[in-house]
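Here's entry.csv, which has CSV, C-alpha atoms:
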```csv
chain,number,residue,atom,x,y,z
Z,2,MET,CA,32.1,2.8,-24.8
Z,3,ALA,CA,30.8,-0.3,-23.1
Z,4,THR,CA,27.0,-0.5,-22.7
Z,5,ALA,CA,25.4,-0.8,-19.3
Z,6,ILE,CA,24.6,-4.5,-20.0
Z,7,GLN,CA,28.2,-5.2,-20.9
Z,8,ALA,CA,29.5,-3.4,-17.8
Z,9,ALA,CA,27.1,-5.5,-15.7
Z,10,ALA,CA,28.4,-8.7,-17.3
Z,11,HIS,CA,32.0,-7.7,-16.7
Z,12,ALA,CA,31.2,-7.0,-13.1
Z,13,GLY,CA,29.6,-10.4,-12.7
Z,14,GLY,CA,26.1,-8.9,-12.4
Z,15,PRO,CA,22.8,-9.6,-14.2
Z,16,THR,CA,22.7,-8.8,-17.9
Z,17,SER,CA,19.0,-8.3,-18.1
Z,18,HIS,CA,17.1,-5.4,-16.7
Z,19,THR,CA,14.0,-7.6,-16.2
Z,20,LEU,CA,15.8,-10.1,-14.0
Z,21,ASN,CA,14.1,-10.1,-10.5
Z,22,GLN,CA,16.3,-9.8,-7.5
Z,23,VAL,CA,15.8,-11.9,-4.3
Z,24,ASP,CA,14.8,-8.8,-2.4
Z,25,GLY,CA,12.3,-7.7,-5.1
Z,26,LEU,CA,14.3,-4.6,-6.1
Z,27,ASP,CA,14.9,-4.3,-9.8
Z,28,PHE,CA,14.5,-2.1,-12.8
Z,29,GLU,CA,11.6,-2.4,-15.2
Z,30,ASP,CA,10.4,-0.7,-18.3
Z,31,ALA,CA,8.9,2.7,-17.5
Z,32,VAL,CA,5.3,3.1,-18.5
Z,33,ARG,CA,3.3,6.4,-18.2
Z,34,ALA,CA,0.1,5.5,-16.4
Z,35,ALA,CA,-3.1,7.5,-16.7
Z,36,GLU,CA,-3.1,10.0,-13.8
Z,37,LYS,CA,-5.1,12.6,-12.0
Z,38,ALA,CA,-4.3,16.3,-11.9
Z,39,ARG,CA,-2.6,17.7,-8.8
Z,40,ILE,CA,-2.7,21.5,-9.3
Z,41,ALA,CA,-1.9,24.4,-6.9
Z,42,LEU,CA,-3.1,27.9,-7.6
Z,43,THR,CA,-1.4,30.6,-5.5
Z,44,GLY,CA,-1.9,34.3,-5.3
Z,45,PRO,CA,-2.9,37.3,-3.2
Z,46,SER,CA,-6.5,38.0,-2.2
Z,47,GLY,CA,-8.5,39.2,-5.2
Z,48,SER,CA,-6.3,37.5,-7.8
Z,49,GLY,CA,-9.1,35.1,-8.9
Z,50,LYS,CA,-7.9,31.8,-7.3
Z,51,THR,CA,-11.4,30.5,-6.7
Z,52,TYR,CA,-12.8,31.4,-10.1
Z,53,THR,CA,-9.8,30.0,-11.9
Z,54,ALA,CA,-10.0,26.8,-9.9
Z,55,LEU,CA,-13.6,26.4,-10.9
Z,56,SER,CA,-12.8,27.1,-14.5
Z,57,ILE,CA,-9.9,24.7,-14.7
Z,58,GLY,CA,-11.8,22.1,-12.7
Z,59,THR,CA,-14.8,22.2,-15.0
Z,60,GLY,CA,-12.4,21.5,-17.9
Z,61,LEU,CA,-11.0,18.5,-16.1
Z,62,LEU,CA,-14.4,16.9,-15.6
Z,63,PRO,CA,-15.2,13.7,-17.5
Z,64,ASP,CA,-18.6,13.5,-19.2
Z,65,GLY,CA,-21.2,13.4,-16.6
Z,66,GLY,CA,-18.6,14.0,-13.8
Z,67,THR,CA,-19.1,16.0,-10.6
Z,68,LEU,CA,-17.1,19.0,-9.4
Z,69,GLY,CA,-16.9,19.5,-5.6
Z,70,VAL,CA,-15.5,22.4,-3.5
Z,71,ILE,CA,-14.3,22.0,0.0
Z,72,ASP,CA,-15.0,25.6,1.0
Z,73,THR,CA,-13.1,27.3,3.8
Z,74,GLU,CA,-13.7,30.9,2.5
Z,75,ARG,CA,-17.1,31.5,4.1
Z,76,GLY,CA,-19.0,30.2,1.1
Z,77,SER,CA,-17.2,32.5,-1.4
Z,78,ALA,CA,-17.2,29.7,-4.1
Z,79,SER,CA,-21.0,29.7,-4.1
Z,80,LYS,CA,-21.0,33.2,-5.5
Z,81,TYR,CA,-20.1,31.5,-8.8
Z,82,ALA,CA,-22.9,28.9,-8.7
Z,83,GLY,CA,-24.7,30.6,-11.6
Z,84,LEU,CA,-21.5,30.3,-13.8
Z,85,PHE,CA,-20.4,26.8,-12.8
Z,86,THR,CA,-22.2,23.6,-11.7
Z,87,PHE,CA,-20.7,22.1,-8.5
Z,88,LYS,CA,-21.4,20.8,-5.1
Z,89,THR,CA,-20.0,22.4,-2.0
Z,90,MET,CA,-19.0,21.4,1.5
Z,91,LYS,CA,-18.4,24.2,4.1
Z,92,LEU,CA,-16.1,23.5,7.0
Z,93,PRO,CA,-16.5,25.4,10.3
Z,94,SER,CA,-12.9,24.7,11.5
Z,95,PHE,CA,-9.7,23.8,9.7
Z,96,GLU,CA,-7.9,21.0,11.5
Z,97,PRO,CA,-5.9,18.8,9.1
Z,98,GLN,CA,-8.0,15.9,10.3
Z,99,ALA,CA,-11.1,17.8,9.0
Z,100,LEU,CA,-9.7,17.9,5.5
Z,101,ILE,CA,-8.9,14.2,5.6
Z,102,ARG,CA,-12.5,13.4,6.5
Z,103,ALA,CA,-13.8,15.8,3.8
Z,104,LEU,CA,-11.7,14.0,1.2
Z,105,ALA,CA,-12.9,10.7,2.5
Z,106,VAL,CA,-16.5,11.9,2.0
Z,107,ALA,CA,-15.7,13.3,-1.4
Z,108,ALA,CA,-14.2,10.0,-2.5
Z,109,ALA,CA,-17.3,8.1,-1.2
Z,110,ARG,CA,-19.6,10.5,-3.0
Z,111,GLY,CA,-17.7,10.0,-6.3
Z,112,ILE,CA,-16.5,13.6,-6.7
Z,113,ASP,CA,-14.4,13.5,-9.9
Z,114,VAL,CA,-12.7,16.9,-9.3
Z,115,VAL,CA,-12.3,18.3,-5.9
Z,116,VAL,CA,-11.2,22.0,-5.3
Z,117,ILE,CA,-9.8,22.7,-1.8
Z,118,ASP,CA,-10.4,26.4,-1.4
Z,119,SER,CA,-8.2,27.2,0.3
Z,120,LEU,CA,-5.4,24.9,1.7
Z,121,THR,CA,-4.0,27.9,3.6
Z,122,HIS,CA,-6.7,27.6,6.3
Z,123,PHE,CA,-5.4,24.2,7.3
Z,124,TRP,CA,-2.1,25.8,8.0
Z,125,SER,CA,-2.9,29.2,9.6
Z,126,GLY,CA,-6.6,29.2,10.0
Z,127,ARG,CA,-8.8,28.4,13.1
Z,128,GLY,CA,-7.8,25.0,14.3
Z,129,GLY,CA,-5.1,24.7,11.7
Z,130,ALA,CA,-1.6,23.3,12.1
Z,131,LEU,CA,-0.1,26.5,13.6
Z,132,ALA,CA,-2.9,26.9,16.0
Z,133,GLN,CA,-2.5,23.2,17.1
Z,134,VAL,CA,1.2,23.7,17.6
Z,135,ASP,CA,0.6,26.7,19.8
Z,136,GLN,CA,-2.0,24.9,21.8
Z,137,LYS,CA,0.1,21.8,22.4
Z,138,THR,CA,3.2,23.9,23.2
Z,139,ARG,CA,1.3,26.0,25.8
Z,140,ALA,CA,0.0,22.8,27.4
Z,141,ALA,CA,3.4,21.1,27.6
Z,142,SER,CA,5.8,21.6,30.5
Z,143,SER,CA,8.8,22.3,28.3
Z,144,LYS,CA,7.1,25.1,26.3
Z,145,ASN,CA,9.3,24.1,23.4
Z,146,ALA,CA,7.4,24.0,20.1
Z,147,PHE,CA,10.0,21.8,18.4
Z,148,THR,CA,9.9,19.1,21.0
Z,149,THR,CA,6.2,19.2,21.8
Z,150,GLY,CA,3.9,20.9,19.4
Z,151,TRP,CA,5.5,20.1,16.1
Z,152,LYS,CA,6.3,16.5,17.2
Z,153,ASP,CA,2.5,15.9,17.3
Z,154,VAL,CA,1.3,18.1,14.4
Z,155,THR,CA,3.9,17.2,11.7
Z,156,PRO,CA,2.5,13.6,11.4
Z,157,LEU,CA,-1.0,15.1,10.9
Z,158,LEU,CA,0.3,17.3,8.1
Z,159,HIS,CA,1.9,14.3,6.5
Z,160,ASP,CA,-1.4,12.4,6.7
Z,161,MET,CA,-3.3,15.3,5.2
Z,162,LEU,CA,-0.8,15.6,2.3
Z,163,ASP,CA,-1.0,11.8,1.7
Z,164,ALA,CA,-4.8,12.1,1.5
Z,165,ILE,CA,-4.6,14.9,-1.0
Z,166,LEU,CA,-2.1,13.2,-3.3
Z,167,ALA,CA,-3.8,9.8,-3.1
Z,168,TYR,CA,-7.3,11.2,-3.8
Z,169,PRO,CA,-9.0,9.1,-6.6
Z,170,GLY,CA,-9.9,12.1,-8.7
Z,171,HIS,CA,-8.4,15.4,-9.8
Z,172,VAL,CA,-7.4,17.9,-7.1
Z,173,ILE,CA,-7.0,21.7,-7.3
Z,174,CYS,CA,-5.7,23.5,-4.2
Z,175,THR,CA,-5.8,27.3,-3.8
Z,176,MET,CA,-3.2,28.9,-1.5
Z,177,ARG,CA,-2.8,32.4,-0.4
Z,178,VAL,CA,0.4,34.3,-0.5
Z,179,LYS,CA,1.3,37.0,2.0
Z,180,THR,CA,1.1,40.4,0.3
Z,181,GLU,CA,2.5,43.9,0.5
Z,182,TRP,CA,2.0,47.1,-1.4
Z,183,VAL,CA,4.8,48.4,-3.5
Z,184,LEU,CA,5.2,51.3,-6.0
Z,185,GLN,CA,5.3,50.0,-9.5
Z,186,GLU,CA,5.3,51.8,-12.9
Z,187,ASN,CA,2.0,51.6,-14.7
Z,188,GLN,CA,1.4,51.6,-18.5
Z,189,ASN,CA,1.5,55.4,-18.5
Z,190,GLY,CA,5.0,55.5,-16.9
Z,191,LYS,CA,3.7,56.7,-13.5
Z,192,LYS,CA,4.3,55.1,-10.2
Z,193,GLU,CA,1.2,53.6,-8.4
Z,194,PRO,CA,0.7,51.4,-5.4
Z,195,THR,CA,0.3,47.7,-6.4
Z,196,LYS,CA,-0.4,44.7,-4.3
Z,197,VAL,CA,2.1,41.9,-4.9
Z,198,GLY,CA,2.4,38.4,-3.6
Z,199,MET,CA,5.4,37.5,-1.4
Z,200,LYS,CA,5.7,34.4,0.6
Z,201,LEU,CA,3.3,31.4,0.3
Z,202,ASP,CA,1.0,31.1,3.4
Z,203,GLN,CA,1.6,27.4,3.8
Z,204,ARG,CA,4.3,25.0,5.0
Z,205,ASP,CA,7.6,25.5,3.2
Z,206,GLY,CA,8.0,23.2,0.3
Z,207,ILE,CA,4.4,22.0,0.0
Z,208,ASP,CA,4.3,23.4,-3.6
Z,209,TYR,CA,6.9,20.7,-4.6
Z,210,GLU,CA,4.2,18.1,-4.1
Z,211,PHE,CA,2.0,19.3,-6.9
Z,212,ASP,CA,2.4,18.6,-10.6
Z,213,LEU,CA,1.4,22.1,-11.7
Z,214,VAL,CA,1.8,25.3,-9.7
Z,215,GLY,CA,0.3,28.5,-11.1
Z,216,ALA,CA,0.8,32.0,-9.6
Z,217,LEU,CA,-2.0,34.5,-10.2
Z,218,ASP,CA,-1.6,38.2,-10.1
Z,219,GLN,CA,-4.2,41.0,-9.5
Z,220,ASN,CA,-4.9,41.1,-13.2
Z,221,HIS,CA,-5.9,37.4,-13.1
Z,222,VAL,CA,-2.9,36.4,-15.2
Z,223,MET,CA,-1.4,33.0,-14.2
Z,224,THR,CA,2.3,32.4,-14.5
Z,225,VAL,CA,3.3,28.8,-14.4
Z,226,ASP,CA,6.0,28.3,-11.8
Z,227,LYS,CA,6.2,24.5,-12.1
Z,228,SER,CA,4.8,22.0,-14.6
Z,229,ARG,CA,5.2,18.3,-15.1
Z,230,TYR,CA,2.7,18.4,-18.0
Z,231,PRO,CA,4.3,18.8,-21.5
Z,232,THR,CA,1.2,20.7,-22.6
Z,233,VAL,CA,2.0,23.5,-20.1
Z,234,GLU,CA,5.4,25.2,-20.2
Z,235,VAL,CA,7.1,26.5,-17.1
Z,236,GLY,CA,7.2,30.3,-17.3
Z,237,SER,CA,4.2,30.5,-19.7
Z,238,GLN,CA,1.5,33.1,-18.9
Z,239,HIS,CA,-2.2,32.5,-19.2
Z,240,ASP,CA,-4.7,35.3,-19.1
Z,241,LYS,CA,-7.7,34.0,-17.0
Z,242,PRO,CA,-7.2,30.3,-17.6
Z,243,ASP,CA,-10.5,28.7,-18.5
Z,244,PHE,CA,-12.3,25.5,-19.4
Z,245,ALA,CA,-10.0,24.8,-22.3
Z,246,PHE,CA,-6.9,25.0,-20.1
Z,247,GLY,CA,-8.3,22.2,-17.9
Z,248,GLN,CA,-9.4,20.2,-20.9
Z,249,ALA,CA,-5.9,20.2,-22.4
Z,250,ILE,CA,-4.5,18.9,-19.2
Z,251,ALA,CA,-7.1,16.2,-18.8
Z,252,GLY,CA,-6.5,15.0,-22.4
Z,253,TRP,CA,-2.8,14.5,-21.7
Z,254,LEU,CA,-3.4,12.8,-18.4
Z,255,ASP,CA,-6.0,10.4,-19.8
Z,256,ASP,CA,-3.6,9.4,-22.6
Z,257,GLY,CA,-1.6,7.2,-20.2
Z,258,GLU,CA,-2.0,3.4,-19.9
Z,259,GLY,CA,-4.3,1.7,-17.4
Z,260,ASN,CA,-6.5,3.2,-14.7
Z,261,ALA,CA,-5.3,6.1,-12.7
Z,262,LEU,CA,-6.2,5.4,-9.1
Z,263,GLY,CA,-8.2,2.5,-7.7
Z,264,VAL,CA,-8.8,3.8,-4.2
Z,265,MET,CA,-12.5,3.1,-3.9
Z,266,ASP,CA,-12.0,-0.3,-5.6
Z,267,PHE,CA,-9.4,-1.2,-3.0
Z,268,ALA,CA,-11.7,0.1,-0.2
Z,269,ARG,CA,-14.6,-2.1,-1.4
Z,270,LEU,CA,-12.3,-5.1,-1.6
Z,271,ALA,CA,-11.0,-4.4,1.9
Z,272,VAL,CA,-14.5,-4.6,3.6
Z,273,ASP,CA,-15.6,-7.6,1.6
Z,274,PRO,CA,-16.4,-10.2,4.3
Z,275,ALA,CA,-15.1,-13.0,2.1
Z,276,MET,CA,-11.5,-11.7,2.0
Z,277,THR,CA,-9.0,-14.0,3.7
Z,278,PRO,CA,-6.0,-12.8,5.8
Z,279,GLN,CA,-3.6,-13.7,2.9
Z,280,GLN,CA,-5.8,-11.8,0.3
Z,281,LEU,CA,-5.8,-8.7,2.5
Z,282,LEU,CA,-2.1,-8.9,3.0
Z,283,THR,CA,-1.7,-9.1,-0.8
Z,284,LEU,CA,-4.1,-6.2,-1.2
Z,285,LEU,CA,-2.1,-4.1,1.3
Z,286,SER,CA,1.1,-4.8,-0.6
Z,287,ASP,CA,-0.5,-3.7,-3.9
Z,288,VAL,CA,-1.9,-0.5,-2.3
Z,289,GLU,CA,1.6,0.3,-0.9
Z,290,THR,CA,3.2,-0.3,-4.3
Z,291,ARG,CA,0.8,2.2,-5.8
Z,292,GLY,CA,1.5,4.8,-3.1
Z,293,LEU,CA,-2.1,4.8,-1.9
Z,294,LEU,CA,-1.7,3.8,1.8
Z,295,GLY,CA,-2.6,7.4,2.9
Z,296,ALA,CA,-5.7,7.7,0.7
Z,297,ALA,CA,-8.6,9.0,2.8
Z,298,VAL,CA,-11.6,6.6,2.9
Z,299,LEU,CA,-14.6,6.0,5.1
Z,300,GLY,CA,-14.7,2.9,7.3
Z,301,LEU,CA,-17.8,0.8,8.1
Z,302,ASP,CA,-18.5,3.3,10.9
Z,303,LYS,CA,-18.5,6.2,8.4
Z,304,GLN,CA,-15.4,7.7,10.1
Z,305,ALA,CA,-12.5,8.8,8.1
Z,306,THR,CA,-9.4,6.6,8.0
Z,307,SER,CA,-6.5,5.9,5.6
Z,308,LEU,CA,-6.8,3.1,3.1
Z,309,GLY,CA,-3.8,1.4,4.7
Z,310,SER,CA,-5.4,1.5,8.2
Z,311,LEU,CA,-8.7,0.2,6.8
Z,312,ILE,CA,-7.0,-2.8,5.2
Z,313,ARG,CA,-5.0,-3.6,8.3
Z,314,LEU,CA,-8.2,-3.4,10.4
Z,315,MET,CA,-10.0,-5.7,8.1
Z,316,GLY,CA,-7.0,-8.0,8.2
Z,317,ALA,CA,-7.3,-8.2,12.0
Z,318,ALA,CA,-11.0,-9.1,11.6
Z,319,ALA,CA,-10.2,-11.8,9.0
Z,320,ARG,CA,-7.6,-13.3,11.3
Z,321,ALA,CA,-10.2,-13.4,14.1
Z,322,LYS,CA,-12.6,-15.4,11.8
Z,323,ASP,CA,-10.0,-17.7,10.3
Z,324,PRO,CA,-10.3,-21.3,11.6
Z,325,ALA,CA,-6.5,-21.6,11.6
Z,326,THR,CA,-6.1,-18.8,14.2
Z,327,THR,CA,-5.2,-20.3,17.5
Z,328,PRO,CA,-6.5,-19.2,21.0
Z,329,ASP,CA,-3.0,-17.7,21.7
Z,330,ASP,CA,-3.1,-15.8,18.4
Z,331,LEU,CA,-6.6,-14.4,19.4
Z,332,ARG,CA,-5.3,-13.3,22.8
Z,333,ALA,CA,-2.3,-11.6,21.1
Z,334,LEU,CA,-4.6,-10.0,18.5
Z,335,ARG,CA,-6.9,-8.6,21.2
Z,336,ILE,CA,-4.0,-7.0,23.1
Z,337,ARG,CA,-2.6,-5.4,19.9
Z,338,MET,CA,-6.0,-4.0,18.9
Z,339,GLU,CA,-6.7,-2.8,22.4
Z,340,GLN,CA,-3.3,-1.0,22.5
Z,341,ALA,CA,-4.2,0.6,19.1
Z,342,GLY,CA,-7.6,1.7,20.4
Z,343,ARG,CA,-9.3,-0.3,17.6
Z,344,LEU,CA,-11.5,-2.7,19.6
Z,345,GLY,CA,-14.6,-0.5,19.0
Z,346,ALA,CA,-14.0,-0.2,15.3
Z,347,LEU,CA,-16.7,-1.8,13.1
Z,348,VAL,CA,-15.7,-4.8,10.9
Z,349,PRO,CA,-17.6,-7.5,9.1
Z,350,GLY,CA,-18.8,-10.1,11.7
Z,351,MET,CA,-19.2,-13.8,11.3
Z,352,ASP,CA,-22.5,-13.1,9.4
Z,353,GLY,CA,-20.9,-10.4,7.3
Z,354,GLU,CA,-22.8,-7.6,9.2
Z,355,PRO,CA,-20.8,-4.7,10.9
Z,356,THR,CA,-19.8,-5.5,14.4
Z,357,PRO,CA,-17.2,-4.1,16.8
Z,358,LEU,CA,-13.8,-5.8,16.4
Z,359,GLY,CA,-13.7,-6.5,20.2
Z,360,ASP,CA,-17.0,-8.4,20.0
Z,361,LEU,CA,-15.8,-10.4,17.0
Z,362,ILE,CA,-12.6,-11.4,18.8
Z,363,SER,CA,-14.6,-12.4,21.9
Z,364,PHE,CA,-17.0,-14.5,19.9
Z,365,ALA,CA,-14.0,-16.2,18.2
Z,366,GLN,CA,-12.4,-16.9,21.6
Z,367,HIS,CA,-15.5,-18.5,22.9
Z,368,LYS,CA,-15.8,-20.7,19.9
Z,369,ALA,CA,-12.2,-21.7,20.3
Z,370,ALA,CA,-12.7,-22.4,24.0
Z,371,ASP,CA,-15.6,-24.7,23.1
Z,372,GLY,CA,-13.6,-26.5,20.5
Z,373,GLY,CA,-15.6,-24.9,17.6
Z,374,ALA,CA,-14.3,-23.2,14.5
Z,375,HIS,CA,-10.8,-22.8,15.9
Z,376,GLY,CA,-10.3,-26.5,16.3
Z,377,ARG,CA,-9.2,-27.0,19.9
Z,378,SER,CA,-10.1,-25.6,23.3
Z,379,ALA,CA,-8.1,-22.9,25.1
Z,380,ALA,CA,-7.2,-25.6,27.7
```

Please, can you express the file's structure as structure tokens?
Amino acid sequence: MATAIQAAAHAGGPTSHTLNQVDGLDFEDAVRAAEKARIALTGPSGSGKTYTALSIGTGLLPDGGTLGVIDTERGSASKYAGLFTFKTMKLPSFEPQALIRALAVAAARGIDVVVIDSLTHFWSGRGGALAQVDQKTRAASSKNAFTTGWKDVTPLLHDMLDAILAYPGHVICTMRVKTEWVLQENQNGKKEPTKVGMKLDQRDGIDYEFDLVGALDQNHVMTVDKSRYPTVEVGSQHDKPDFAFGQAIAGWLDDGEGNALGVMDFARLAVDPAMTPQQLLTLLSDVETRGLLGAAVLGLDKQATSLGSLIRLMGAAARAKDPATTPDDLRALRIRMEQAGRLGALVPGMDGEPTPLGDLISFAQHKAADGGAHGRSAA
């Protein structure tokens, strides 16, 4: 049988898998990079999702690391404060946008392991996706959820998921399942009512996005429904998974090559006043290649934004300060940023201090009109 290289040669194609194509598409040797955990714990009420998340999360912590809980369960995680050491953030409402901001704050605070307890609230809780769809549908003239409500809310869910998956630390999400009571045979051979989990109370298919999905029952036994970790087998059962379970996962993840995620490094580079437009364009390309455009970060105004949006905003500021930018370019830049609603966003000014983007562009336009840094007058 001809090898793949021989077949390519006979077809007149490249005979080396490392040969770069004109459009940049090519194959390269696969390397397993160091990664961060993406774990989902599902189960009915009372199955021990919060306790298990704290147990596994503690095992995932690096030496001296910090565990943080984004709590939507009315402070239920804090009941375990005597057993685990962690920080907590309580959210009053559960818009997907609120979770994005919470993750941005967690990243800025250097939280190494973040537990989202629970992700269900951002779907069916107060202000969650379903509530927003209902609100937008009622306000629309068509009253059609598929052409109005979901059209607006689906992108928010995508942004929320991007922020979860691109978080620069380990993430554990708990999710409820809808339950019902059924008669099951107990150890004595008698029938007794038992609460069992049925359908996941979240958007269909969201569990596909996680590397490990564990289903907990009322006896706190976790059955692994999905695993991309060789140390954890699909179908395996774990009675009250603990610190050691998280440690084993962390050990395998840390064994990869290179650094896992450089979200905060990229964010710090983006807001560096010395960055040029070309450097920021290269940075944006690097972030896109790593799949981190949707990572949640804080801008100079301390508002949550995506890493991709932050770099693009800083690119606009760098163009405004660039002596090569013409008056026509500045006018076009102002129009684009006004249409995007970004003129009030804070960026590094001429002196490196935060200033509204609109003010920076105006200053650059005045200098250009006076024949200053932009080389020739507007006339």

Find the residue from Z:Thr290, Z:Ser142, Z:Ser79, Z:Thr326 that sits nearest to Z:Gly309; use all atoms listed in the file when measuring.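 Smallest distance to Z:Gly309 is found for Z:Thr290.
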
Please produce, as JSON lines, a per-residue contact table for stretch 97-135 of chain Z versus stretch 147-155 of chain Z (criterion: any atom at most 12 Å away, all atoms listed in the file considered), showing the nearest atom pair and its distance in Å to one decimal, sorted by chain then residue number.
```
{"residue": "Z:Pro97", "atom": "CA", "partner": "Z:Val154", "partner_atom": "CA", "distance": 9.0}
{"residue": "Z:Gln98", "atom": "CA", "partner": "Z:Val154", "partner_atom": "CA", "distance": 10.4}
{"residue": "Z:Phe123", "atom": "CA", "partner": "Z:Val154", "partner_atom": "CA", "distance": 11.5}
{"residue": "Z:Trp124", "atom": "CA", "partner": "Z:Val154", "partner_atom": "CA", "distance": 10.6}
{"residue": "Z:Gly128", "atom": "CA", "partner": "Z:Val154", "partner_atom": "CA", "distance": 11.4}
{"residue": "Z:Gly129", "atom": "CA", "partner": "Z:Val154", "partner_atom": "CA", "distance": 9.6}
{"residue": "Z:Ala130", "atom": "CA", "partner": "Z:Val154", "partner_atom": "CA", "distance": 6.4}
{"residue": "Z:Leu131", "atom": "CA", "partner": "Z:Val154", "partner_atom": "CA", "distance": 8.6}
{"residue": "Z:Ala132", "atom": "CA", "partner": "Z:Gly150", "partner_atom": "CA", "distance": 9.7}
{"residue": "Z:Gln133", "atom": "CA", "partner": "Z:Val154", "partner_atom": "CA", "distance": 6.9}
{"residue": "Z:Val134", "atom": "CA", "partner": "Z:Gly150", "partner_atom": "CA", "distance": 4.3}
{"residue": "Z:Asp135", "atom": "CA", "partner": "Z:Gly150", "partner_atom": "CA", "distance": 6.7}
```

State, in Å with one decimal place, the distance from atom CA of Z:Pro278 to atom CA of Z:His159.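 Between atom CA of Z:Pro278 and atom CA of Z:His159 the gap works out to 28.2 Å.
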
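The spacing separating atom CA of Z:Lys200 from atom CA of Z:Thr43 amounts to 10.1 Å.
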
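Using all atoms listed in the file for every distance, the candidate list Z:Ala251, Z:Val348, Z:Gly83, Z:Gly295 yields Z:Val348 as the residue closest to Z:Pro274.
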
My list of candidates is Z:Leu61, Z:Val222, Z:Val32, Z:Ala370. Which is closest to Z:Gly247 when distances are computed with only C-alpha atoms?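 Of all the options, Z:Leu61 lies closest to Z:Gly247.
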
Restricting the calculation to all atoms listed in the file: of Z:Ile117, Z:Ala346, Z:Ala31, Z:Ile101, which residue gets closest to Z:Asp72?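 Closest residue, counting all atoms listed in the file: Z:Ile117.
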
Which is closer to Z:Ala109 than all the others in Z:Gln304, Z:Thr232, Z:Ser56, Z:Thr277, using only C-alpha atoms?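 Closest candidate: Z:Gln304.
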
Which neighbours of Z:Gly76 fall inside 9 Å, counting all atoms listed in the file, when residues of the same chain fewer than 5 positions from it are skipped, and could you give them as a list in words?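 Contacts, in chain order: Thr89, Met90 and Lys91 of chain Z.
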
Once you count only C-alpha atoms, what closest atom pair and distance in Å to one decimal does each residue of stretch 203-252 of chain Z within 12 Å of stretch 167-184 of chain Z have, with rows by chain and rising residue number, as JSON lines?
```
{"residue": "Z:Gln203", "atom": "CA", "partner": "Z:Met176", "partner_atom": "CA", "distance": 7.3}
{"residue": "Z:Arg204", "atom": "CA", "partner": "Z:Met176", "partner_atom": "CA", "distance": 10.7}
{"residue": "Z:Asp205", "atom": "CA", "partner": "Z:Val178", "partner_atom": "CA", "distance": 12.0}
{"residue": "Z:Ile207", "atom": "CA", "partner": "Z:Met176", "partner_atom": "CA", "distance": 10.4}
{"residue": "Z:Asp208", "atom": "CA", "partner": "Z:Met176", "partner_atom": "CA", "distance": 9.5}
{"residue": "Z:Glu210", "atom": "CA", "partner": "Z:Cys174", "partner_atom": "CA", "distance": 11.3}
{"residue": "Z:Phe211", "atom": "CA", "partner": "Z:Cys174", "partner_atom": "CA", "distance": 9.2}
{"residue": "Z:Asp212", "atom": "CA", "partner": "Z:Val172", "partner_atom": "CA", "distance": 10.4}
{"residue": "Z:Leu213", "atom": "CA", "partner": "Z:Ile173", "partner_atom": "CA", "distance": 9.5}
{"residue": "Z:Val214", "atom": "CA", "partner": "Z:Cys174", "partner_atom": "CA", "distance": 9.5}
{"residue": "Z:Gly215", "atom": "CA", "partner": "Z:Thr175", "partner_atom": "CA", "distance": 9.6}
{"residue": "Z:Ala216", "atom": "CA", "partner": "Z:Val178", "partner_atom": "CA", "distance": 9.4}
{"residue": "Z:Leu217", "atom": "CA", "partner": "Z:Val178", "partner_atom": "CA", "distance": 10.0}
{"residue": "Z:Asp218", "atom": "CA", "partner": "Z:Val178", "partner_atom": "CA", "distance": 10.6}
{"residue": "Z:Gln219", "atom": "CA", "partner": "Z:Thr180", "partner_atom": "CA", "distance": 11.2}
{"residue": "Z:Gly247", "atom": "CA", "partner": "Z:His171", "partner_atom": "CA", "distance": 10.6}
{"residue": "Z:Ile250", "atom": "CA", "partner": "Z:His171", "partner_atom": "CA", "distance": 10.8}
{"residue": "Z:Ala251", "atom": "CA", "partner": "Z:His171", "partner_atom": "CA", "distance": 9.1}
```

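In this model, the gap between atom CA of Z:Leu162 and atom CA of Z:Lys137 comes to 21.1 Å.
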
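Shortest atom-to-atom contact with Z:Thr306 among Z:Asp202, Z:Leu270, Z:Ala103, Z:Val114: Z:Ala103, counting all atoms listed in the file.
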
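For Z:Asp240, the list of residues within 9 Å, based on all atoms listed in the file and with local chain neighbours fewer than 5 positions off taken out, reads Asn220, His221, Val222, Met223 and Thr224 of chain Z.
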
Export C-alpha atoms of the chosen residues as a PDB file, in the frame of the given file?
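The file below, part.pdb, is the result:
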```pdb
ATOM      1  CA  ASN Z 220      -4.900  41.100 -13.200  1.00  0.00           C
ATOM      2  CA  HIS Z 221      -5.900  37.400 -13.100  1.00  0.00           C
ATOM      3  CA  VAL Z 222      -2.900  36.400 -15.200  1.00  0.00           C
ATOM      4  CA  MET Z 223      -1.400  33.000 -14.200  1.00  0.00           C
ATOM      5  CA  THR Z 224       2.300  32.400 -14.500  1.00  0.00           C
TER       6      THR Z 224
END
```

So that I can check the surroundings of Z:Tyr81, please list as number ranges by chain every protein, DNA and RNA residue that reaches within 12 Å of it, counting all atoms listed in the file and ignoring chain neighbours fewer than 2 positions away. Z: 49, 51-56, 70, 76-79, 83-89

List the spatial neighbours of Z:Arg102 as a VMD selection string - criterion: any atom at most 12 Å away, only C-alpha atoms, same-chain residues fewer than 2 positions off excluded. chain Z and resid 71 90 92 95 to 100 104 to 109 160 to 161 164 to 165 168 296 to 300 303 to 307
